[in-house]
$ cat work_29.cif   # mmCIF, C-alpha atoms and all ligand atoms
data_work
loop_
_atom_site.group_PDB
_atom_site.id
_atom_site.type_symbol
_atom_site.label_atom_id
_atom_site.label_comp_id
_atom_site.auth_asym_id
_atom_site.auth_seq_id
_atom_site.Cartn_x
_atom_site.Cartn_y
_atom_site.Cartn_z
ATOM 1 C CA MET W 1 -9.084 -12.562 -29.504
ATOM 2 C CA LYS W 2 -7.358 -9.230 -29.927
ATOM 3 C CA ASN W 3 -4.380 -8.516 -27.703
ATOM 4 C CA ILE W 4 -5.063 -6.388 -24.623
ATOM 5 C CA ILE W 5 -2.804 -3.994 -22.770
ATOM 6 C CA ILE W 6 -3.949 -3.439 -19.197
ATOM 7 C CA PHE W 7 -2.777 -0.122 -17.850
ATOM 8 C CA GLY W 8 -2.955 1.721 -14.528
ATOM 9 C CA ALA W 9 -1.163 2.780 -11.353
ATOM 10 C CA PRO W 10 0.271 0.284 -8.859
ATOM 11 C CA GLY W 11 -2.718 -1.213 -7.025
ATOM 12 C CA SER W 12 -5.242 -0.297 -9.733
ATOM 13 C CA GLY W 13 -6.151 -3.962 -10.236
ATOM 14 C CA LYS W 14 -4.183 -4.880 -13.373
ATOM 15 C CA GLY W 15 -3.353 -8.351 -12.064
ATOM 16 C CA THR W 16 -6.824 -9.005 -10.652
ATOM 17 C CA TYR W 17 -8.690 -8.030 -13.824
ATOM 18 C CA SER W 18 -6.121 -9.776 -16.025
ATOM 19 C CA ASP W 19 -6.818 -13.042 -14.202
ATOM 20 C CA GLU W 20 -10.568 -12.605 -14.779
ATOM 21 C CA ILE W 21 -10.105 -11.769 -18.471
ATOM 22 C CA VAL W 22 -7.701 -14.674 -19.000
ATOM 23 C CA ALA W 23 -10.118 -17.111 -17.339
ATOM 24 C CA LYS W 24 -13.099 -15.910 -19.374
ATOM 25 C CA TYR W 25 -11.505 -15.625 -22.824
ATOM 26 C CA GLU W 26 -8.673 -18.183 -22.467
ATOM 27 C CA MET W 27 -6.019 -15.707 -23.512
ATOM 28 C CA GLY W 28 -2.288 -15.770 -22.842
ATOM 29 C CA HIS W 29 -1.048 -13.579 -19.951
ATOM 30 C CA ILE W 30 2.259 -11.779 -19.562
ATOM 31 C CA SER W 31 2.815 -10.021 -16.239
ATOM 32 C CA THR W 32 6.283 -8.503 -16.404
ATOM 33 C CA GLY W 33 6.257 -8.038 -12.608
ATOM 34 C CA ASP W 34 5.572 -11.781 -12.157
ATOM 35 C CA VAL W 35 8.292 -12.662 -14.692
ATOM 36 C CA LEU W 36 10.796 -10.536 -12.741
ATOM 37 C CA ARG W 37 9.717 -11.902 -9.341
ATOM 38 C CA GLY W 38 10.169 -15.431 -10.781
ATOM 39 C CA GLU W 39 13.718 -14.556 -11.861
ATOM 40 C CA ILE W 40 14.483 -13.206 -8.378
ATOM 41 C CA LYS W 41 13.079 -16.339 -6.746
ATOM 42 C CA ASN W 42 15.241 -18.538 -8.995
ATOM 43 C CA GLY W 43 18.338 -16.480 -8.210
ATOM 44 C CA THR W 44 19.182 -15.776 -11.884
ATOM 45 C CA GLU W 45 21.523 -13.016 -13.085
ATOM 46 C CA LEU W 46 18.513 -11.141 -14.419
ATOM 47 C CA GLY W 47 16.800 -11.558 -11.053
ATOM 48 C CA LYS W 48 19.791 -10.051 -9.253
ATOM 49 C CA ILE W 49 19.722 -6.994 -11.514
ATOM 50 C CA ALA W 50 15.945 -6.648 -11.277
ATOM 51 C CA LYS W 51 15.858 -6.860 -7.476
ATOM 52 C CA GLY W 52 17.824 -3.656 -7.019
ATOM 53 C CA PHE W 53 15.358 -1.698 -9.131
ATOM 54 C CA ILE W 54 12.190 -3.304 -7.769
ATOM 55 C CA ASP W 55 13.171 -2.823 -4.118
ATOM 56 C CA ASN W 56 13.697 0.872 -4.835
ATOM 57 C CA GLY W 57 10.396 1.256 -6.659
ATOM 58 C CA GLN W 58 12.240 2.050 -9.904
ATOM 59 C CA LEU W 59 11.723 0.702 -13.391
ATOM 60 C CA ILE W 60 14.029 -1.890 -14.915
ATOM 61 C CA PRO W 61 15.889 -0.303 -17.893
ATOM 62 C CA ASP W 62 13.916 -0.350 -21.150
ATOM 63 C CA GLU W 63 16.384 -2.388 -23.258
ATOM 64 C CA LEU W 64 16.359 -5.195 -20.709
ATOM 65 C CA MET W 65 12.566 -5.159 -20.357
ATOM 66 C CA ILE W 66 12.007 -5.154 -24.109
ATOM 67 C CA ASP W 67 14.165 -8.293 -24.533
ATOM 68 C CA ILE W 68 12.383 -10.051 -21.675
ATOM 69 C CA LEU W 69 9.013 -9.140 -23.143
ATOM 70 C CA ALA W 70 9.819 -10.394 -26.660
ATOM 71 C CA ASN W 71 11.199 -13.687 -25.327
ATOM 72 C CA THR W 72 8.174 -14.223 -23.091
ATOM 73 C CA TYR W 73 5.770 -13.400 -25.929
ATOM 74 C CA ASP W 74 7.459 -15.787 -28.355
ATOM 75 C CA ALA W 75 7.265 -18.603 -25.806
ATOM 76 C CA LEU W 76 3.442 -18.351 -25.565
ATOM 77 C CA PRO W 77 1.069 -20.302 -27.808
ATOM 78 C CA GLN W 78 0.106 -18.054 -30.729
ATOM 79 C CA GLY W 79 -3.331 -17.145 -31.985
ATOM 80 C CA LYS W 80 -5.324 -16.768 -28.756
ATOM 81 C CA GLY W 81 -4.509 -13.168 -27.941
ATOM 82 C CA VAL W 82 -2.313 -12.056 -25.075
ATOM 83 C CA ILE W 83 -2.945 -9.694 -22.191
ATOM 84 C CA PHE W 84 0.040 -7.491 -21.377
ATOM 85 C CA ASP W 85 -0.022 -6.670 -17.675
ATOM 86 C CA GLY W 86 2.565 -4.167 -16.438
ATOM 87 C CA PHE W 87 4.054 -3.538 -19.872
ATOM 88 C CA PRO W 88 4.557 -1.042 -21.452
ATOM 89 C CA ARG W 89 5.464 1.405 -18.683
ATOM 90 C CA THR W 90 7.356 3.975 -20.783
ATOM 91 C CA ILE W 91 6.890 5.489 -24.233
ATOM 92 C CA ALA W 92 10.033 3.647 -25.425
ATOM 93 C CA GLN W 93 8.490 0.339 -24.302
ATOM 94 C CA ALA W 94 5.223 1.161 -26.058
ATOM 95 C CA GLU W 95 7.041 1.946 -29.317
ATOM 96 C CA ALA W 96 9.065 -1.257 -28.966
ATOM 97 C CA LEU W 97 5.949 -3.340 -28.292
ATOM 98 C CA LYS W 98 4.220 -1.923 -31.347
ATOM 99 C CA LYS W 99 7.267 -2.730 -33.481
ATOM 100 C CA MET W 100 7.762 -6.209 -31.992
ATOM 101 C CA LEU W 101 4.121 -7.110 -32.658
ATOM 102 C CA SER W 102 4.039 -5.672 -36.169
ATOM 103 C CA GLU W 103 7.195 -7.633 -37.072
ATOM 104 C CA ARG W 104 5.146 -10.726 -36.232
ATOM 105 C CA GLY W 105 2.077 -9.557 -38.148
ATOM 106 C CA HIS W 106 0.216 -8.804 -34.881
ATOM 107 C CA ASP W 107 -0.971 -5.597 -33.227
ATOM 108 C CA MET W 108 -1.698 -4.127 -29.812
ATOM 109 C CA GLY W 109 -5.451 -4.686 -30.065
ATOM 110 C CA MET W 110 -6.898 -2.523 -27.299
ATOM 111 C CA MET W 111 -5.759 -0.770 -24.129
ATOM 112 C CA ILE W 112 -7.760 -0.950 -20.901
ATOM 113 C CA GLU W 113 -6.977 1.861 -18.464
ATOM 114 C CA LEU W 114 -7.958 1.457 -14.797
ATOM 115 C CA VAL W 115 -8.378 4.759 -12.947
ATOM 116 C CA VAL W 116 -8.445 4.640 -9.128
ATOM 117 C CA ASP W 117 -7.928 7.480 -6.607
ATOM 118 C CA GLU W 118 -4.615 7.476 -4.761
ATOM 119 C CA GLU W 119 -6.080 6.942 -1.285
ATOM 120 C CA THR W 120 -7.758 3.704 -2.418
ATOM 121 C CA LEU W 121 -4.555 2.619 -4.184
ATOM 122 C CA MET W 122 -2.451 3.119 -1.061
ATOM 123 C CA ALA W 123 -4.954 1.221 1.119
ATOM 124 C CA ARG W 124 -5.019 -1.698 -1.334
ATOM 125 C CA LEU W 125 -1.229 -1.904 -1.566
ATOM 126 C CA LEU W 126 -0.738 -1.813 2.197
ATOM 127 C CA ASN W 127 -3.343 -4.560 2.484
ATOM 128 C CA ARG W 128 -1.556 -6.592 -0.202
ATOM 129 C CA ALA W 129 1.648 -6.220 1.826
ATOM 130 C CA ILE W 130 -0.047 -8.038 4.689
ATOM 131 C CA GLU W 131 -1.683 -10.682 2.482
ATOM 132 C CA GLN W 132 1.098 -11.415 -0.024
ATOM 133 C CA GLY W 133 4.214 -10.024 1.647
ATOM 134 C CA ARG W 134 5.542 -8.336 -1.503
ATOM 135 C CA ALA W 135 8.847 -6.646 -0.649
ATOM 136 C CA ASP W 136 7.977 -3.492 -2.617
ATOM 137 C CA ASP W 137 4.579 -3.008 -0.910
ATOM 138 C CA ASN W 138 5.816 -0.812 1.949
ATOM 139 C CA GLU W 139 4.775 2.814 2.333
ATOM 140 C CA GLU W 140 8.102 4.318 1.274
ATOM 141 C CA THR W 141 8.493 2.176 -1.857
ATOM 142 C CA ILE W 142 4.829 2.609 -2.756
ATOM 143 C CA LYS W 143 5.268 6.414 -2.736
ATOM 144 C CA LYS W 144 8.278 6.050 -5.016
ATOM 145 C CA ARG W 145 6.294 3.767 -7.357
ATOM 146 C CA PHE W 146 3.454 6.331 -7.539
ATOM 147 C CA GLU W 147 6.002 9.015 -8.427
ATOM 148 C CA VAL W 148 7.545 6.815 -11.133
ATOM 149 C CA TYR W 149 4.058 6.043 -12.416
ATOM 150 C CA HIS W 150 3.124 9.735 -12.668
ATOM 151 C CA ASN W 151 6.392 10.773 -14.302
ATOM 152 C CA GLN W 152 7.167 7.885 -16.634
ATOM 153 C CA THR W 153 4.054 5.784 -17.168
ATOM 154 C CA ALA W 154 0.950 8.017 -16.928
ATOM 155 C CA PRO W 155 1.987 10.084 -20.021
ATOM 156 C CA LEU W 156 1.565 6.874 -22.019
ATOM 157 C CA ALA W 157 -2.210 7.163 -21.723
ATOM 158 C CA ASP W 158 -2.108 9.950 -24.323
ATOM 159 C CA TRP W 159 0.149 7.828 -26.521
ATOM 160 C CA PHE W 160 -2.549 5.121 -26.533
ATOM 161 C CA GLU W 161 -5.223 7.749 -27.112
ATOM 162 C CA ASN W 162 -3.368 8.833 -30.269
ATOM 163 C CA GLU W 163 -3.201 5.219 -31.384
ATOM 164 C CA GLY W 164 -6.992 5.049 -30.974
ATOM 165 C CA LEU W 165 -6.702 2.171 -28.489
ATOM 166 C CA ARG W 166 -7.584 3.733 -25.133
ATOM 167 C CA HIS W 167 -10.600 2.518 -23.129
ATOM 168 C CA THR W 168 -10.842 4.121 -19.688
ATOM 169 C CA PHE W 169 -12.655 2.594 -16.682
ATOM 170 C CA ASN W 170 -13.035 4.582 -13.479
ATOM 171 C CA TRP W 171 -13.231 2.684 -10.187
ATOM 172 C CA LYS W 172 -16.887 2.446 -9.154
ATOM 173 C CA GLY W 173 -16.497 0.757 -5.789
ATOM 174 C CA SER W 174 -17.324 -2.719 -7.054
ATOM 175 C CA LYS W 175 -15.183 -5.224 -8.895
ATOM 176 C CA ASP W 176 -18.222 -6.918 -10.458
ATOM 177 C CA LEU W 177 -19.463 -3.623 -11.875
ATOM 178 C CA MET W 178 -16.029 -2.940 -13.354
ATOM 179 C CA LEU W 179 -15.843 -6.424 -14.843
ATOM 180 C CA GLU W 180 -19.242 -6.049 -16.474
ATOM 181 C CA GLU W 181 -18.084 -2.901 -18.279
ATOM 182 C CA ILE W 182 -14.674 -4.312 -19.159
ATOM 183 C CA PHE W 183 -16.118 -7.527 -20.605
ATOM 184 C CA ALA W 184 -18.627 -5.506 -22.658
ATOM 185 C CA ALA W 185 -15.806 -3.376 -24.113
ATOM 186 C CA ILE W 186 -13.717 -6.456 -24.955
ATOM 187 C CA GLU W 187 -16.659 -8.106 -26.664
ATOM 188 C CA ALA W 188 -17.451 -4.951 -28.657
ATOM 189 C CA GLU W 189 -13.823 -4.858 -29.877
ATOM 190 C CA ASN W 190 -13.895 -8.502 -30.898
ATOM 191 C CA LYS W 191 -17.220 -8.446 -32.772
HETATM 192 P P1 LIG N 201 4.266 -4.926 -10.973
HETATM 193 O O1 LIG N 201 4.107 -6.293 -10.432
HETATM 194 O O2 LIG N 201 3.727 -4.782 -12.390
HETATM 195 O O3 LIG N 201 3.730 -3.864 -10.049
HETATM 196 O O4 LIG N 201 5.831 -4.654 -11.106
HETATM 197 C C1 LIG N 201 6.682 -4.643 -9.961
HETATM 198 C C2 LIG N 201 7.996 -3.970 -10.291
HETATM 199 O O5 LIG N 201 8.651 -4.672 -11.370
HETATM 200 C C3 LIG N 201 7.882 -2.533 -10.793
HETATM 201 O O6 LIG N 201 7.790 -1.611 -9.730
HETATM 202 C C4 LIG N 201 9.193 -2.399 -11.576
HETATM 203 O O7 LIG N 201 10.293 -2.233 -10.717
HETATM 204 C C5 LIG N 201 9.322 -3.764 -12.227
HETATM 205 N N1 LIG N 201 8.658 -3.798 -13.551
HETATM 206 C C6 LIG N 201 7.556 -4.536 -13.911
HETATM 207 N N2 LIG N 201 7.221 -4.314 -15.177
HETATM 208 C C7 LIG N 201 8.111 -3.406 -15.662
HETATM 209 C C8 LIG N 201 8.276 -2.732 -16.908
HETATM 210 N N3 LIG N 201 7.424 -2.946 -17.934
HETATM 211 N N4 LIG N 201 9.312 -1.866 -17.026
HETATM 212 C C9 LIG N 201 10.162 -1.651 -16.023
HETATM 213 N N5 LIG N 201 10.048 -2.207 -14.811
HETATM 214 C C10 LIG N 201 9.041 -3.091 -14.619
#
$ encode --input "work_29.cif" --output "structure tokens"
Amino acid sequence: MKNIIIFGAPGSGKGTYSDEIVAKYEMGHISTGDVLRGEIKNGTELGKIAKGFIDNGQLIPDELMIDILANTYDALPQGKGVIFDGFPRTIAQAEALKKMLSERGHDMGMMIELVVDEETLMARLLNRAIEQGRADDNEETIKKRFEVYHNQTAPLADWFENEGLRHTFNWKGSKDLMLEEIFAAIEAENK
């Protein structure tokens, strides 16, 4: 399987669709948010640094993230394809990912962009706060994360467009409908 980068605003469904894709195609999965939350839970040095940024809705500095990403990637079994969920979030991270993969004879494969209106995003995140109790899912931090997304991450969509990797999926009110289209695009890429 080709690698997949899943891309979208906070609450757009990156984690949800990644889980479905991983289950169907038996790919590896790297969620940088999950990696960081694991570090926080284990009380590591990295976790202590990350917590300050996450609680403020800010991004962890690129150099740190790029190291974490490379280490996590190298620890996964090779050859099955990996879904990158929550990475890259800046142009510098995208350039670094491209370089890291090409040094290993791999490439980015395809990018799946999830587009959801902001009202739906906010409702989903506030609901997730109740269900999962994530510390950064409160209204103030969510607004900050949207701002960071618009300023630092959204411009990356054009970067992927230029790489010829962008596949955009607009929210259609049904997860099953979205999955049908996403699976079809993945299968077309892997023919
Ligand atoms: P997520 O679970 O993907 O929504 O990530 C939660 C938080 O972790 C983000 O708001 C950031 O503070 C941090 N984070 C996750 N991935 C990255 C990344 N690629 N670059 C910088 N910060 C990240």
$ atom_distance --input "work_29.cif" --atom1 "atom CA of Lys24 of chain W" --atom2 "atom CA of Glu180 of chain W"
12.0 Å
$ residues_around --input "work_29.cif" --residues "His167 of chain W" --least-positions-apart "2" --cutoff "8 Å" --atoms "only C-alpha atoms" --output "list in words"
Met110, Met111, Ile112, Glu113, Leu165, Phe169 and Ala185 of chain W
$ write_last_selection --input "work_29.cif" --atoms "C-alpha atoms" --output "PDB file, keeping the file's coordinate frame"
ATOM      1  CA  MET W 110      -6.898  -2.523 -27.299  1.00  0.00           C
ATOM      2  CA  MET W 111      -5.759  -0.770 -24.129  1.00  0.00           C
ATOM      3  CA  ILE W 112      -7.760  -0.950 -20.901  1.00  0.00           C
ATOM      4  CA  GLU W 113      -6.977   1.861 -18.464  1.00  0.00           C
ATOM      5  CA  LEU W 165      -6.702   2.171 -28.489  1.00  0.00           C
ATOM      6  CA  PHE W 169     -12.655   2.594 -16.682  1.00  0.00           C
ATOM      7  CA  ALA W 185     -15.806  -3.376 -24.113  1.00  0.00           C
TER       8      ALA W 185
END
$ residues_around --input "work_29.cif" --residues "segment 88-91 of chain W" --least-positions-apart "4" --cutoff "6 Å" --atoms "only C-alpha atoms" --output "ChimeraX atom specification"
/W:152-153,156
$ closest_atom_pairs --input "work_29.cif" --of "chain W" --to "ligand LIG 201 (chain N)" --cutoff "7 Å" --atoms "only C-alpha atoms and all ligand atoms" --output "JSON lines"
{"residue": "W:Pro10", "atom": "CA", "partner": "N:LIG201", "partner_atom": "O3", "distance": 5.5}
{"residue": "W:Ser31", "atom": "CA", "partner": "N:LIG201", "partner_atom": "O2", "distance": 6.6}
{"residue": "W:Thr32", "atom": "CA", "partner": "N:LIG201", "partner_atom": "N2", "distance": 4.5}
{"residue": "W:Gly33", "atom": "CA", "partner": "N:LIG201", "partner_atom": "O1", "distance": 3.5}
{"residue": "W:Asp34", "atom": "CA", "partner": "N:LIG201", "partner_atom": "O1", "distance": 5.9}
{"residue": "W:Leu36", "atom": "CA", "partner": "N:LIG201", "partner_atom": "O5", "distance": 6.4}
{"residue": "W:Phe53", "atom": "CA", "partner": "N:LIG201", "partner_atom": "O7", "distance": 5.3}
{"residue": "W:Ile54", "atom": "CA", "partner": "N:LIG201", "partner_atom": "O7", "distance": 3.7}
{"residue": "W:Gly57", "atom": "CA", "partner": "N:LIG201", "partner_atom": "O6", "distance": 4.9}
{"residue": "W:Gln58", "atom": "CA", "partner": "N:LIG201", "partner_atom": "O7", "distance": 4.8}
{"residue": "W:Leu59", "atom": "CA", "partner": "N:LIG201", "partner_atom": "N5", "distance": 3.6}
{"residue": "W:Ile60", "atom": "CA", "partner": "N:LIG201", "partner_atom": "N5", "distance": 4.0}
{"residue": "W:Pro61", "atom": "CA", "partner": "N:LIG201", "partner_atom": "C9", "distance": 6.2}
{"residue": "W:Asp62", "atom": "CA", "partner": "N:LIG201", "partner_atom": "N4", "distance": 6.4}
{"residue": "W:Met65", "atom": "CA", "partner": "N:LIG201", "partner_atom": "N4", "distance": 5.7}
{"residue": "W:Asp85", "atom": "CA", "partner": "N:LIG201", "partner_atom": "O2", "distance": 6.7}
{"residue": "W:Gly86", "atom": "CA", "partner": "N:LIG201", "partner_atom": "O2", "distance": 4.3}
{"residue": "W:Phe87", "atom": "CA", "partner": "N:LIG201", "partner_atom": "N3", "distance": 3.9}
{"residue": "W:Pro88", "atom": "CA", "partner": "N:LIG201", "partner_atom": "N3", "distance": 4.9}
{"residue": "W:Arg89", "atom": "CA", "partner": "N:LIG201", "partner_atom": "N3", "distance": 4.8}
{"residue": "W:Arg145", "atom": "CA", "partner": "N:LIG201", "partner_atom": "O6", "distance": 6.1}
$ write_last_selection --input "work_29.cif" --atoms "C-alpha atoms" --output "mmCIF file, keeping the file's coordinate frame"
data_model
loop_
_atom_site.group_PDB
_atom_site.id
_atom_site.type_symbol
_atom_site.label_atom_id
_atom_site.label_comp_id
_atom_site.auth_asym_id
_atom_site.auth_seq_id
_atom_site.Cartn_x
_atom_site.Cartn_y
_atom_site.Cartn_z
ATOM 1 C CA PRO W 10 0.271 0.284 -8.859
ATOM 2 C CA SER W 31 2.815 -10.021 -16.239
ATOM 3 C CA THR W 32 6.283 -8.503 -16.404
ATOM 4 C CA GLY W 33 6.257 -8.038 -12.608
ATOM 5 C CA ASP W 34 5.572 -11.781 -12.157
ATOM 6 C CA LEU W 36 10.796 -10.536 -12.741
ATOM 7 C CA PHE W 53 15.358 -1.698 -9.131
ATOM 8 C CA ILE W 54 12.190 -3.304 -7.769
ATOM 9 C CA GLY W 57 10.396 1.256 -6.659
ATOM 10 C CA GLN W 58 12.240 2.050 -9.904
ATOM 11 C CA LEU W 59 11.723 0.702 -13.391
ATOM 12 C CA ILE W 60 14.029 -1.890 -14.915
ATOM 13 C CA PRO W 61 15.889 -0.303 -17.893
ATOM 14 C CA ASP W 62 13.916 -0.350 -21.150
ATOM 15 C CA MET W 65 12.566 -5.159 -20.357
ATOM 16 C CA ASP W 85 -0.022 -6.670 -17.675
ATOM 17 C CA GLY W 86 2.565 -4.167 -16.438
ATOM 18 C CA PHE W 87 4.054 -3.538 -19.872
ATOM 19 C CA PRO W 88 4.557 -1.042 -21.452
ATOM 20 C CA ARG W 89 5.464 1.405 -18.683
ATOM 21 C CA ARG W 145 6.294 3.767 -7.357
#
$ resolve_selection --input "work_29.cif" --expression "the PyMOL selection byres (((chain W and resi 83) around 6) and not hetatm)" --output "number ranges by chain"
W: 3-5, 29, 82, 84
$ resolve_selection --input "work_29.cif" --expression "the PyMOL selection byres (((chain W and resi 47) around 12) and not hetatm)" --output "short mmCIF file (atom, residue, chain, number, x, y, z; two decimals) with C-alpha atoms, keeping the file's coordinate frame"
data_model
loop_
_atom_site.label_atom_id
_atom_site.label_comp_id
_atom_site.auth_asym_id
_atom_site.auth_seq_id
_atom_site.Cartn_x
_atom_site.Cartn_y
_atom_site.Cartn_z
CA GLY W 33 6.26 -8.04 -12.61
CA ASP W 34 5.57 -11.78 -12.16
CA VAL W 35 8.29 -12.66 -14.69
CA LEU W 36 10.80 -10.54 -12.74
CA ARG W 37 9.72 -11.90 -9.34
CA GLY W 38 10.17 -15.43 -10.78
CA GLU W 39 13.72 -14.56 -11.86
CA ILE W 40 14.48 -13.21 -8.38
CA LYS W 41 13.08 -16.34 -6.75
CA ASN W 42 15.24 -18.54 -8.99
CA GLY W 43 18.34 -16.48 -8.21
CA THR W 44 19.18 -15.78 -11.88
CA GLU W 45 21.52 -13.02 -13.08
CA LEU W 46 18.51 -11.14 -14.42
CA LYS W 48 19.79 -10.05 -9.25
CA ILE W 49 19.72 -6.99 -11.51
CA ALA W 50 15.94 -6.65 -11.28
CA LYS W 51 15.86 -6.86 -7.48
CA GLY W 52 17.82 -3.66 -7.02
CA PHE W 53 15.36 -1.70 -9.13
CA ILE W 54 12.19 -3.30 -7.77
CA ASP W 55 13.17 -2.82 -4.12
CA ILE W 60 14.03 -1.89 -14.92
CA LEU W 64 16.36 -5.20 -20.71
CA ILE W 68 12.38 -10.05 -21.68
#
$ atom_distance --input "work_29.cif" --atom1 "atom CA of Ala188 of chain W" --atom2 "atom CA of Lys99 of chain W"
25.3 Å
$ resolve_selection --input "work_29.cif" --expression "the PyMOL selection byres (((chain W and resi 175) around 12) and not hetatm)" --output "PyMOL selection string"
chain W and resi 12-14+16-17+20+114+116+169-174+176-183
$ residues_around --input "work_29.cif" --residues "Leu126 of chain W" --least-positions-apart "2" --cutoff "10 Å" --atoms "all atoms listed in the file" --output "count of residues only"
15
$ atom_distance --input "work_29.cif" --atom1 "atom CA of Arg166 of chain W" --atom2 "atom CA of Asn190 of chain W"
14.9 Å
$ closest_residue --input "work_29.cif" --among "W:Asn151, W:Gly28, W:Asp117, W:Phe160" --to "Phe7 of chain W" --atoms "only C-alpha atoms"
W:Phe160
$ closest_residue --input "work_29.cif" --among "W:Ile66, W:Asn71, W:Val115, W:Gln132" --to "Ala96 of chain W" --atoms "all atoms listed in the file"
W:Ile66
$ axis_aligned_box --input "work_29.cif" --around "segment 156-174 of chain W" --padding-each-side "4 Å" --output "AutoDock Vina command-line options"
--center_x -7.9 --center_y 3.6 --center_z -18.6 --size_x 26.9 --size_y 20.7 --size_z 33.6
